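Peer 1: Contents of query15.txt (compact mmCIF, C-alpha atoms) are below:
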```
# COMPACT_ATOMS: atom_id res chain seq x y z
CA MET P 1 0.00 0.00 0.00
CA SER P 2 1.27 3.44 -0.86
CA SER P 3 1.54 6.02 1.84
CA ALA P 4 0.43 8.55 -0.75
CA ARG P 5 -3.01 7.03 -0.48
CA CYS P 6 -3.30 8.21 3.07
CA LEU P 7 -5.71 11.03 3.21
CA SER P 8 -5.34 13.93 5.57
CA LEU P 9 -8.59 15.52 6.41
CA ALA P 10 -9.14 18.63 8.41
CA LEU P 11 -12.81 18.63 9.10
CA LEU P 12 -15.20 20.67 11.10
CA ALA P 13 -17.14 18.52 13.46
CA VAL P 14 -20.85 18.70 13.08
CA ALA P 15 -22.55 19.52 16.30
CA LEU P 16 -25.95 18.01 16.75
CA GLY P 17 -28.51 19.40 19.10
CA SER P 18 -26.25 22.16 20.36
CA PRO P 19 -24.12 24.96 18.92
CA VAL P 20 -20.88 23.14 19.66
CA PHE P 21 -18.22 23.15 16.96
CA ALA P 22 -14.80 21.67 17.42
CA GLN P 23 -11.97 21.69 14.95
CA VAL P 24 -10.29 18.33 14.88
CA ARG P 25 -7.88 16.51 12.68
CA GLN P 26 -9.01 13.25 11.17
CA GLN P 27 -6.72 11.06 9.15
CA VAL P 28 -7.67 7.95 7.20
CA PHE P 29 -5.30 5.06 6.48
CA PRO P 30 -6.42 2.67 3.72
CA LEU P 31 -5.50 -0.95 4.39
CA PRO P 32 -5.05 -3.81 1.92
CA ALA P 33 -8.35 -4.77 0.30
CA GLY P 34 -10.18 -7.35 2.35
CA ALA P 35 -8.35 -6.56 5.58
CA TYR P 36 -11.68 -6.03 7.33
CA PRO P 37 -10.31 -4.47 10.52
CA HIS P 38 -12.70 -5.53 13.26
CA ASP P 39 -10.90 -4.11 16.29
CA VAL P 40 -7.91 -1.82 16.74
CA ALA P 41 -5.26 -1.27 19.43
CA PRO P 42 -2.39 1.20 19.63
CA ALA P 43 0.97 -0.60 19.90
CA PRO P 44 3.75 0.49 22.25
CA ASP P 45 6.10 1.57 19.44
CA GLY P 46 3.76 4.08 17.84
CA LYS P 47 2.32 1.56 15.40
CA VAL P 48 -1.30 0.43 15.46
CA TRP P 49 -2.58 -3.14 15.49
CA TYR P 50 -5.84 -4.33 14.02
CA SER P 51 -7.58 -7.67 13.91
CA ALA P 52 -7.82 -8.61 10.22
CA GLN P 53 -10.74 -10.92 10.79
CA ARG P 54 -11.25 -12.18 7.25
CA ASN P 55 -7.53 -12.65 6.62
CA GLY P 56 -6.90 -14.55 9.86
CA ALA P 57 -4.15 -12.14 10.79
CA LEU P 58 -2.87 -9.44 13.05
CA GLY P 59 -2.54 -6.27 11.02
CA ILE P 60 0.20 -3.78 11.83
CA LEU P 61 -0.06 -0.20 10.57
CA ASP P 62 2.76 2.30 10.77
CA PRO P 63 1.02 5.69 10.87
CA ALA P 64 4.31 7.42 10.09
CA THR P 65 4.49 5.84 6.64
CA GLY P 66 0.92 4.64 6.09
CA GLN P 67 2.26 1.19 5.30
CA SER P 68 0.86 -1.95 6.83
CA ARG P 69 1.59 -5.66 6.97
CA GLU P 70 -0.05 -8.75 8.40
CA VAL P 71 1.06 -11.61 10.64
CA LYS P 72 -0.93 -14.80 9.99
CA LEU P 73 -2.30 -16.38 13.16
CA GLY P 74 -2.95 -19.95 12.07
CA SER P 75 -5.31 -22.26 10.24
CA ARG P 76 -8.99 -21.25 10.48
CA SER P 77 -8.04 -18.03 12.28
CA ALA P 78 -10.65 -15.26 12.39
CA PRO P 79 -9.68 -12.80 15.11
CA HIS P 80 -12.39 -10.59 16.57
CA GLY P 81 -10.56 -8.45 19.14
CA VAL P 82 -7.04 -7.20 19.73
CA ILE P 83 -5.58 -5.40 22.72
CA GLN P 84 -2.13 -4.56 24.06
CA GLY P 85 -1.08 -6.68 27.00
CA PRO P 86 1.00 -5.52 29.96
CA ASP P 87 3.94 -7.29 28.28
CA GLY P 88 3.68 -4.99 25.26
CA ALA P 89 2.47 -7.82 23.03
CA ALA P 90 -0.68 -8.04 20.93
CA TRP P 91 -3.36 -10.29 22.41
CA LEU P 92 -6.22 -11.46 20.23
CA THR P 93 -9.54 -13.19 20.79
CA ASP P 94 -9.60 -15.56 17.83
CA GLY P 95 -13.06 -16.94 17.14
CA GLY P 96 -11.89 -19.08 14.25
CA GLN P 97 -9.25 -20.89 16.31
CA ASN P 98 -11.42 -20.76 19.45
CA ALA P 99 -8.31 -19.52 21.20
CA ILE P 100 -6.51 -16.64 22.82
CA VAL P 101 -3.52 -15.67 20.70
CA ARG P 102 -0.40 -13.67 21.51
CA VAL P 103 1.85 -12.09 18.90
CA ASP P 104 5.31 -10.98 19.96
CA PRO P 105 5.87 -7.49 18.53
CA LYS P 106 9.62 -8.01 18.13
CA THR P 107 9.71 -11.48 16.59
CA ASP P 108 6.16 -11.92 15.20
CA GLN P 109 6.09 -15.24 17.06
CA VAL P 110 2.52 -16.48 17.48
CA LYS P 111 1.47 -18.38 20.58
CA VAL P 112 -1.98 -19.98 20.83
CA TRP P 113 -3.99 -20.98 23.92
CA LYS P 114 -6.99 -23.06 22.84
CA LEU P 115 -10.12 -23.00 24.95
CA PRO P 116 -10.81 -26.24 26.82
CA GLU P 117 -12.37 -28.85 24.54
CA GLU P 118 -15.51 -29.10 26.66
CA THR P 119 -16.24 -25.39 26.13
CA GLY P 120 -17.16 -25.93 22.50
CA TYR P 121 -17.30 -23.09 20.02
CA ALA P 122 -17.38 -19.92 22.13
CA ASN P 123 -17.48 -17.26 19.43
CA LEU P 124 -14.72 -15.39 21.26
CA ASN P 125 -15.27 -11.66 21.35
CA THR P 126 -13.09 -9.31 23.41
CA ALA P 127 -10.38 -9.45 26.08
CA VAL P 128 -8.98 -7.17 28.77
CA PHE P 129 -6.14 -7.45 31.27
CA ASP P 130 -6.67 -6.74 34.95
CA GLN P 131 -4.13 -5.27 37.36
CA ASP P 132 -2.78 -8.73 38.17
CA GLY P 133 -1.85 -9.44 34.58
CA LEU P 134 -4.70 -11.89 34.02
CA ALA P 135 -6.49 -11.83 30.69
CA TRP P 136 -10.31 -11.88 30.94
CA PHE P 137 -12.35 -12.60 27.84
CA THR P 138 -15.88 -13.02 26.59
CA GLY P 139 -17.44 -15.59 24.27
CA GLN P 140 -20.65 -14.50 22.65
CA ASN P 141 -22.13 -17.99 22.74
CA GLY P 142 -22.53 -17.60 26.49
CA VAL P 143 -19.21 -17.84 28.29
CA TYR P 144 -16.53 -15.70 29.84
CA GLY P 145 -13.10 -16.79 30.93
CA ARG P 146 -9.67 -16.06 32.30
CA LEU P 147 -6.17 -16.88 31.13
CA ASP P 148 -3.05 -16.61 33.26
CA PRO P 149 -0.33 -16.02 30.64
CA ARG P 150 2.40 -16.95 33.13
CA THR P 151 1.14 -20.47 33.74
CA GLY P 152 -1.15 -21.01 30.78
CA GLU P 153 -3.99 -21.88 33.14
CA MET P 154 -7.34 -21.13 31.56
CA LYS P 155 -10.75 -21.21 33.19
CA VAL P 156 -14.09 -20.72 31.47
CA TRP P 157 -17.45 -20.04 33.11
CA LYS P 158 -20.97 -20.16 31.72
CA ALA P 159 -22.48 -16.71 31.67
CA PRO P 160 -25.68 -16.01 33.54
CA ARG P 161 -28.56 -15.88 31.03
CA GLY P 162 -26.53 -17.61 28.36
CA ARG P 163 -25.56 -16.11 25.04
CA GLY P 164 -24.54 -12.51 24.72
CA PRO P 165 -21.18 -11.69 26.43
CA TYR P 166 -19.55 -9.06 24.20
CA GLY P 167 -17.39 -6.09 25.24
CA ILE P 168 -15.31 -6.23 28.43
CA THR P 169 -13.43 -3.66 30.50
CA ALA P 170 -11.35 -3.33 33.66
CA THR P 171 -11.55 -0.33 35.96
CA ARG P 172 -8.52 1.37 37.47
CA GLU P 173 -9.40 -0.37 40.72
CA GLY P 174 -9.12 -3.69 38.92
CA ASP P 175 -12.79 -4.65 38.71
CA VAL P 176 -13.89 -6.41 35.52
CA TYR P 177 -17.24 -5.80 33.81
CA TYR P 178 -18.65 -7.16 30.57
CA ALA P 179 -21.69 -6.34 28.46
CA SER P 180 -24.20 -8.93 27.24
CA LEU P 181 -25.68 -7.92 23.91
CA ALA P 182 -28.26 -10.69 23.66
CA GLY P 183 -28.76 -10.72 27.42
CA ASN P 184 -29.45 -6.97 27.70
CA HIS P 185 -27.35 -6.37 30.78
CA ILE P 186 -23.88 -5.73 32.06
CA ALA P 187 -22.20 -7.98 34.60
CA ARG P 188 -19.45 -7.60 37.17
CA ILE P 189 -17.11 -10.54 37.61
CA ASP P 190 -16.11 -11.46 41.14
CA LYS P 191 -12.48 -12.25 40.46
CA ALA P 192 -12.15 -14.36 43.60
CA THR P 193 -14.96 -16.75 42.76
CA GLY P 194 -15.34 -16.15 39.03
CA GLU P 195 -19.06 -15.53 39.50
CA ALA P 196 -20.68 -12.88 37.32
CA ARG P 197 -23.37 -10.68 38.87
CA VAL P 198 -25.96 -9.27 36.48
CA ILE P 199 -26.58 -5.51 36.59
CA GLU P 200 -29.72 -4.39 34.76
CA PRO P 201 -29.80 -1.13 32.83
CA PRO P 202 -33.05 0.84 33.23
CA THR P 203 -34.08 0.42 29.57
CA LYS P 204 -35.40 -3.06 28.84
CA GLY P 205 -34.05 -4.77 25.73
CA GLN P 206 -31.42 -2.08 25.31
CA GLY P 207 -28.77 -4.38 23.80
CA ALA P 208 -25.72 -3.50 25.94
CA ARG P 209 -22.92 -4.12 23.45
CA ARG P 210 -19.65 -2.76 24.76
CA VAL P 211 -18.42 -1.23 28.03
CA TRP P 212 -15.60 1.04 29.07
CA SER P 213 -14.50 2.49 32.39
CA ASP P 214 -13.68 6.15 33.09
CA SER P 215 -11.12 7.45 35.58
CA LYS P 216 -13.71 7.42 38.36
CA GLY P 217 -14.43 3.74 37.95
CA ARG P 218 -17.81 4.38 36.35
CA ILE P 219 -18.95 2.10 33.53
CA TRP P 220 -20.07 3.55 30.19
CA VAL P 221 -22.24 1.31 28.03
CA SER P 222 -23.13 1.47 24.33
CA GLU P 223 -26.74 0.35 24.04
CA TRP P 224 -27.18 -0.98 20.50
CA ASN P 225 -30.92 -1.59 20.36
CA ALA P 226 -31.87 1.53 22.28
CA GLY P 227 -29.39 3.84 20.54
CA GLN P 228 -28.34 5.12 23.93
CA LEU P 229 -25.24 5.79 25.95
CA GLY P 230 -25.57 4.33 29.44
CA LEU P 231 -23.63 5.14 32.60
CA TYR P 232 -23.48 2.87 35.63
CA ASP P 233 -21.92 4.17 38.83
CA PRO P 234 -20.90 1.22 41.02
CA LYS P 235 -20.40 3.42 44.08
CA SER P 236 -24.00 4.59 44.16
CA ASP P 237 -25.44 1.66 42.19
CA THR P 238 -27.25 4.13 39.94
CA TRP P 239 -27.78 4.51 36.20
CA ARG P 240 -28.18 7.35 33.74
CA GLU P 241 -28.88 7.04 30.01
CA TRP P 242 -28.70 9.49 27.09
CA ARG P 243 -30.18 8.91 23.65
CA LEU P 244 -27.72 9.64 20.85
CA PRO P 245 -28.62 12.40 18.36
CA GLY P 246 -30.42 11.54 15.15
CA GLU P 247 -33.51 9.63 14.12
CA LYS P 248 -32.42 6.01 14.48
CA PRO P 249 -29.17 5.83 16.45
CA GLN P 250 -27.44 2.48 16.95
CA ALA P 251 -24.67 2.67 19.55
CA TYR P 252 -22.10 -0.01 18.73
CA ALA P 253 -18.71 0.74 20.34
CA VAL P 254 -17.79 2.87 23.34
CA TYR P 255 -14.43 4.13 24.57
CA VAL P 256 -13.38 6.67 27.22
CA ASP P 257 -10.28 8.73 26.46
CA GLU P 258 -7.70 10.09 28.89
CA ARG P 259 -9.78 13.26 29.41
CA ASP P 260 -12.88 11.24 30.33
CA ILE P 261 -14.54 12.16 27.03
CA ILE P 262 -16.76 9.34 25.82
CA TRP P 263 -16.61 8.15 22.19
CA VAL P 264 -19.39 6.13 20.60
CA SER P 265 -19.76 4.74 17.07
CA ASP P 266 -23.29 5.30 15.78
CA TRP P 267 -24.24 3.04 12.87
CA GLY P 268 -27.58 4.78 12.48
CA ALA P 269 -25.91 8.06 11.60
CA ASP P 270 -22.73 6.52 10.16
CA ALA P 271 -20.74 8.74 12.48
CA ILE P 272 -18.59 8.89 15.57
CA VAL P 273 -20.08 10.77 18.47
CA SER P 274 -18.21 12.19 21.43
CA PHE P 275 -19.93 13.03 24.70
CA ASP P 276 -18.73 15.39 27.38
CA PRO P 277 -20.12 14.32 30.76
CA ALA P 278 -19.55 17.81 32.15
CA THR P 279 -21.84 19.53 29.63
CA GLU P 280 -23.84 16.45 28.59
CA ARG P 281 -23.40 17.50 24.96
CA PHE P 282 -22.81 15.28 21.96
CA THR P 283 -20.53 16.20 19.07
CA SER P 284 -20.64 14.21 15.84
CA TYR P 285 -17.77 13.48 13.44
CA PRO P 286 -18.18 11.98 9.96
CA MET P 287 -16.54 8.74 8.85
CA SER P 288 -14.43 8.47 5.69
CA ARG P 289 -17.24 6.91 3.64
CA ALA P 290 -20.76 5.60 4.04
CA ASP P 291 -21.30 2.33 5.93
CA ALA P 292 -17.94 2.58 7.69
CA GLU P 293 -19.18 0.16 10.38
CA VAL P 294 -16.90 0.97 13.28
CA ARG P 295 -17.17 -2.00 15.65
CA GLN P 296 -14.74 -0.95 18.35
CA ILE P 297 -12.76 2.10 19.49
CA LEU P 298 -9.46 2.37 21.32
CA GLY P 299 -6.85 5.06 21.72
CA ARG P 300 -3.84 6.55 23.43
CA PRO P 301 -3.31 10.11 24.68
CA ASN P 302 -4.42 12.61 22.01
CA GLU P 303 -5.44 9.87 19.58
CA VAL P 304 -8.74 8.03 19.14
CA TRP P 305 -8.45 5.09 16.70
CA LEU P 306 -11.39 3.76 14.74
CA PRO P 307 -11.40 0.57 12.65
CA GLU P 308 -13.68 1.03 9.64
CA SER P 309 -14.54 -2.61 8.93
CA GLY P 310 -16.84 -1.56 6.10
CA THR P 311 -14.22 0.41 4.18
CA ASP P 312 -10.96 -1.45 4.97
CA CYS P 313 -9.53 1.69 6.59
CA LEU P 314 -8.36 2.89 9.96
CA MET P 315 -9.21 6.41 11.03
CA VAL P 316 -7.57 8.43 13.77
CA ILE P 317 -9.02 11.52 15.41
CA ARG P 318 -6.26 13.62 16.91
CA THR P 319 -7.62 15.44 19.93
CA ALA P 320 -4.61 17.47 21.08
CA GLY P 321 -5.68 21.01 21.91
CA GLN P 322 -9.27 20.16 21.17
CA SER P 323 -11.96 21.51 23.41
CA GLN P 324 -15.05 19.43 23.50
CA MET F 1 -15.02 -40.23 -20.95
CA THR F 2 -15.73 -38.20 -24.02
CA ARG F 3 -15.10 -34.49 -24.00
CA ARG F 4 -18.83 -33.88 -24.23
CA ALA F 5 -19.56 -36.17 -21.32
CA ALA F 6 -16.84 -34.58 -19.23
CA THR F 7 -18.31 -31.17 -19.92
CA PHE F 8 -21.73 -32.44 -18.85
CA VAL F 9 -20.38 -33.87 -15.59
CA ALA F 10 -18.52 -30.67 -14.81
CA ALA F 11 -21.64 -28.63 -15.48
CA TRP F 12 -23.69 -30.94 -13.26
CA PHE F 13 -21.31 -30.45 -10.35
CA LEU F 14 -21.31 -26.71 -10.83
CA LEU F 15 -25.06 -26.33 -11.12
CA VAL F 16 -26.45 -29.10 -8.96
CA GLY F 17 -23.57 -29.85 -6.65
CA PRO F 18 -24.24 -27.33 -3.89
CA ALA F 19 -27.93 -28.15 -3.63
CA ALA F 20 -27.26 -31.89 -3.80
CA ARG F 21 -24.69 -31.68 -1.02
CA ALA F 22 -27.13 -29.70 1.14
CA GLN F 23 -29.82 -32.32 0.58
CA ALA F 24 -27.36 -34.94 1.79
CA GLY F 25 -26.34 -33.00 4.89
CA ASP F 26 -26.39 -34.41 8.39
CA THR F 27 -28.82 -32.57 10.66
CA VAL F 28 -27.17 -33.77 13.87
CA ARG F 29 -23.80 -32.41 12.83
CA GLY F 30 -25.60 -29.35 11.47
CA GLU F 31 -27.16 -28.62 14.83
CA ARG F 32 -23.68 -28.59 16.39
CA LEU F 33 -22.45 -26.33 13.59
CA PHE F 34 -25.30 -23.94 14.33
CA GLN F 35 -23.06 -22.81 17.19
CA TYR F 36 -21.38 -20.63 14.57
CA CYS F 37 -24.67 -18.74 14.31
CA PHE F 38 -26.00 -19.18 17.82
CA SER F 39 -24.81 -15.95 19.40
CA CYS F 40 -26.82 -13.80 17.01
CA HIS F 41 -29.51 -16.07 15.55
CA SER F 42 -32.26 -18.31 16.87
CA VAL F 43 -34.39 -21.03 15.33
CA GLU F 44 -36.87 -20.91 18.19
CA ARG F 45 -40.31 -19.82 17.17
CA GLY F 46 -40.98 -16.21 18.11
CA GLU F 47 -37.45 -15.42 19.34
CA THR F 48 -36.78 -12.23 17.42
CA THR F 49 -34.85 -10.07 19.88
CA LEU F 50 -31.35 -11.25 19.02
CA PRO F 51 -28.83 -9.20 17.00
CA GLY F 52 -29.52 -11.26 13.85
CA PRO F 53 -32.80 -12.36 12.28
CA ASN F 54 -34.52 -15.60 13.27
CA LEU F 55 -33.45 -18.45 10.98
CA ARG F 56 -36.35 -20.83 11.58
CA GLY F 57 -37.54 -21.90 8.15
CA ILE F 58 -34.89 -19.80 6.41
CA VAL F 59 -34.53 -22.33 3.59
CA GLY F 60 -36.89 -21.17 0.87
CA ARG F 61 -37.80 -17.99 2.73
CA ARG F 62 -37.82 -14.58 1.11
CA ILE F 63 -34.61 -12.67 1.74
CA ALA F 64 -34.67 -9.93 4.39
CA ALA F 65 -38.23 -10.83 5.25
CA GLN F 66 -38.42 -10.70 9.04
CA ASN F 67 -40.86 -8.00 10.02
CA GLY F 68 -39.31 -5.25 12.07
CA PHE F 69 -35.71 -6.39 11.67
CA ALA F 70 -33.22 -3.65 10.74
CA TYR F 71 -31.48 -5.28 7.79
CA SER F 72 -28.39 -3.55 6.42
CA PRO F 73 -28.72 -1.50 3.22
CA SER F 74 -26.61 -4.10 1.42
CA MET F 75 -28.88 -6.97 2.48
CA ARG F 76 -31.97 -5.02 1.46
CA ALA F 77 -30.38 -4.33 -1.93
CA PHE F 78 -29.50 -8.03 -2.23
CA ALA F 79 -33.14 -8.90 -1.58
CA GLU F 80 -34.07 -6.77 -4.59
CA ARG F 81 -31.85 -8.93 -6.81
CA GLU F 82 -32.51 -12.38 -5.34
CA ALA F 83 -35.93 -13.55 -4.31
CA LEU F 84 -35.48 -16.52 -1.98
CA TRP F 85 -32.88 -18.23 0.18
CA SER F 86 -32.51 -21.35 -1.94
CA GLU F 87 -30.15 -24.03 -0.65
CA ALA F 88 -27.68 -23.26 -3.41
CA LEU F 89 -27.71 -19.57 -2.53
CA LEU F 90 -27.38 -20.30 1.18
CA ASP F 91 -24.39 -22.51 0.37
CA ARG F 92 -22.68 -19.69 -1.50
CA TYR F 93 -23.57 -17.19 1.20
CA LEU F 94 -22.32 -19.35 4.07
CA ALA F 95 -19.03 -19.92 2.25
CA ALA F 96 -18.25 -16.20 2.11
CA PRO F 97 -21.07 -13.89 3.20
CA TYR F 98 -19.14 -10.76 2.29
CA VAL F 99 -18.62 -11.97 -1.29
CA VAL F 100 -22.27 -12.77 -1.94
CA VAL F 101 -23.53 -9.69 -0.10
CA PRO F 102 -20.73 -7.13 -0.28
CA ARG F 103 -20.66 -4.86 2.77
CA THR F 104 -23.01 -7.05 4.73
CA SER F 105 -22.99 -5.97 8.35
CA MET F 106 -22.60 -9.58 9.51
CA SER F 107 -18.95 -9.96 10.42
CA PHE F 108 -18.95 -13.78 10.37
CA PRO F 109 -16.21 -14.71 7.86
CA GLY F 110 -17.88 -17.86 6.54
CA ILE F 111 -17.48 -21.65 6.55
CA ALA F 112 -14.82 -22.95 4.19
CA GLU F 113 -15.68 -26.68 4.29
CA PRO F 114 -18.48 -27.69 1.88
CA GLU F 115 -19.51 -30.59 4.12
CA GLU F 116 -20.00 -28.31 7.10
CA ARG F 117 -22.15 -25.96 5.04
CA SER F 118 -24.15 -28.92 3.80
CA ASP F 119 -24.77 -30.14 7.34
CA LEU F 120 -25.72 -26.68 8.57
CA ILE F 121 -28.16 -26.16 5.71
CA ALA F 122 -29.67 -29.57 6.38
CA TYR F 123 -30.23 -28.53 9.99
CA LEU F 124 -31.74 -25.21 8.99
CA ARG F 125 -34.03 -27.03 6.57
CA SER F 126 -35.09 -29.34 9.38
CA THR F 127 -36.29 -26.40 11.48
CA GLY F 128 -39.29 -26.52 9.19
CA GLY F 129 -42.05 -24.04 9.87
CA ARG F 130 -41.39 -20.54 8.84
CA GLU F 131 -41.05 -17.78 11.37
```
Is it possible to express this structure as structure tokens?
Peer 2:
Amino acid sequence: MSSARCLSLALLAVALGSPVFAQVRQQVFPLPAGAYPHDVAPAPDGKVWYSAQRNGALGILDPATGQSREVKLGSRSAPHGVIQGPDGAAWLTDGGQNAIVRVDPKTDQVKVWKLPEETGYANLNTAVFDQDGLAWFTGQNGVYGRLDPRTGEMKVWKAPRGRGPYGITATREGDVYYASLAGNHIARIDKATGEARVIEPPTKGQGARRVWSDSKGRIWVSEWNAGQLGLYDPKSDTWREWRLPGEKPQAYAVYVDERDIIWVSDWGADAIVSFDPATERFTSYPMSRADAEVRQILGRPNEVWLPESGTDCLMVIRTAGQSQ
Amino acid sequence: MTRRAATFVAAWFLLVGPAARAQAGDTVRGERLFQYCFSCHSVERGETTLPGPNLRGIVGRRIAAQNGFAYSPSMRAFAEREALWSEALLDRYLAAPYVVVPRTSMSFPGIAEPEERSDLIAYLRSTGGRE
């Protein structure tokens, strides 16, 4: 891929429902055709990883050059999620291999931990590391689990209410929560016992898809069916919900940046929406093309990364100096 | 085999092969393979609240026909071109959904093995009554 194909866009954000305008810098990086980036994760060396689900590979983009390459993960691989582990490696939830996969960023060595045979096909979704260096993961067919990378010990539990476990997050305090899309709830995992406790959002059938924690340990939830952004405060055990702008919002992914600004991908509007909890205002940003289908969001300071699975591109929104 | 006969056999496999394999599928294995679909789809009557449409009676059903389901623009456009989910079409779709319906919102990458698709289609056919 030629770096010349990288497009630099300076766009005015479109404020919806309020006279808020923010000048931001959006940049789009085309990937090889068919890459189908499902999830994205900034790498420790300035590069950016993505899960190339249809190519069975870890994708590696160098934003400095716009060039990318792929590391194949194995036969039948179809990775859904990718995150950076505390060891600086890429960790993937690989639905095709029914396994957790690690890719060494220096050697490209691939290591695979298969789920226990008795688990069956889990439809692995997303993973997160807690403060103890344990990897927690979800399987959309109705399981969640834990891998200790030091020993290789893996444990899998059946989720309450069966199918649905999707996005997962860890708070700064080390608590782990996941969202159940089909189960319409979020759940907190008791790390001592492994038991998951269901926490019901106020809106029935909301379709809690992904979760992310802010600096206060609160849990933000993208509610797919309801087109809402949810907020659960564990300290007070209370909820708040905001409907996204537009006629038929569909909140897919959620991410909280280092300033505690919330980012949500809205498939209904084909846009990315940021939300400032202080003002309770939404600001909308366009994607590179129609039907971008951003399924997950992740970032690092001053950068919010968006995998456009529908266009085979990655987009970054650079937030330095931006006021919400 | 004459050249003409060879051409006929090749054409038979191309045209009839997928449907014939589906007819011969194993429903027991197909039910296990439905785990590929399970997280988003149901074959239980009336269960229509999952992320994907109900697949009960999908074989022979009109495409994008579940009332109230928010199909993607690409699937709705596909339904304009193709009328029904025939077994042959399902076989092609399950092999590579994104090839048959470009820009489908379903991220499932597909089932490479023809026998697995055949078994899954046999199971879907066995769910019988249409939803």
Peer 1: What does the distance from atom CA of Asn184 of chain P to atom CA of Met287 of chain P come to in Å, to one decimal?
Peer 2: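 Interatomic distance, atom CA of Asn184 of chain P to atom CA of Met287 of chain P: 27.7 Å.
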Peer 1: Hey, could you make a per-residue contact list for chain P against chain F with 6 Å as the cut-off, showing the nearest pair of atoms and its distance in Å to one decimal, counting all atoms listed in the file, sorted by chain and number, as JSON lines?
Peer 2:
```
{"residue": "P:Arg54", "atom": "CA", "partner": "F:Pro109", "partner_atom": "CA", "distance": 5.6}
{"residue": "P:Gln140", "atom": "CA", "partner": "F:Ser39", "partner_atom": "CA", "distance": 5.5}
{"residue": "P:Asn141", "atom": "CA", "partner": "F:Ser39", "partner_atom": "CA", "distance": 4.7}
{"residue": "P:Arg163", "atom": "CA", "partner": "F:Ser39", "partner_atom": "CA", "distance": 5.7}
{"residue": "P:Ala182", "atom": "CA", "partner": "F:Leu50", "partner_atom": "CA", "distance": 5.6}
```
Peer 1: To one decimal in Å, tell me the separation between atom CA of Arg289 of chain P and atom CA of Gly56 of chain P.
Peer 2: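 Atom CA of Gly56 of chain P lies 24.6 Å from atom CA of Arg289 of chain P.
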Peer 1: From the list F:Gln66, F:Arg29, F:Leu89, F:Met106, which residue is nearest His38 of chain P when using all atoms listed in the file?
Peer 2: F:Met106
Peer 1: Taking only C-alpha atoms into account, name the residue in P:Gly162, P:Gly46, P:Gly194, P:Gly246 that is nearest to Gly145 of chain P.
Peer 2: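 Checking each candidate against Gly145 of chain P, we get P:Gly194 as the closest.
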Peer 1: Between atom CA of Pro165 of chain P and atom CA of Phe137 of chain P, what distance in Å does the model show, to one decimal?
Peer 2: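 One can read the atom CA of Pro165 of chain P to atom CA of Phe137 of chain P distance as 9.0 Å.
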Peer 1: Between F:Arg45, F:Ala64, F:Val59, F:Pro53, single out the one closest to Ala79 of chain F, counting only C-alpha atoms.
Peer 2: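 Distance minimum relative to Ala79 of chain F lands on F:Ala64.
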Peer 1: What lies within 7 Å of Ile199 of chain P using all atoms listed in the file, ignoring chain neighbours under 3 positions off, as a list of chain:residue names?
Peer 2: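 Final neighbour list, sorted by chain and number: P:His185, P:Ile186, P:Ala187.
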Peer 1: Do you know which residues are at most 10 Å from Thr126 of chain P counting all atoms listed in the file, after dropping those on the same chain fewer than 5 positions away, and could you put them as a ChimeraX atom specification?
Peer 2: /P:39,79-83,91-95,100,136-140,144,165-169,178,210,296
Peer 1: Could you tell me which of P:Leu61, P:Ala90, P:Leu229, P:Ala33 comes closest to Met315 of chain P if we count all atoms listed in the file?
Peer 2: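 Checking each of P:Leu61, P:Ala90, P:Leu229, P:Ala33 against Met315 of chain P, counting all atoms listed in the file, the winner is P:Leu61.
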Peer 1: Using only C-alpha atoms, which residue out of F:Glu87, F:Arg125, F:Glu80, F:Met75 lies closest to Gly57 of chain F?
Peer 2: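 For Gly57 of chain F, the nearest of the candidates is F:Arg125.
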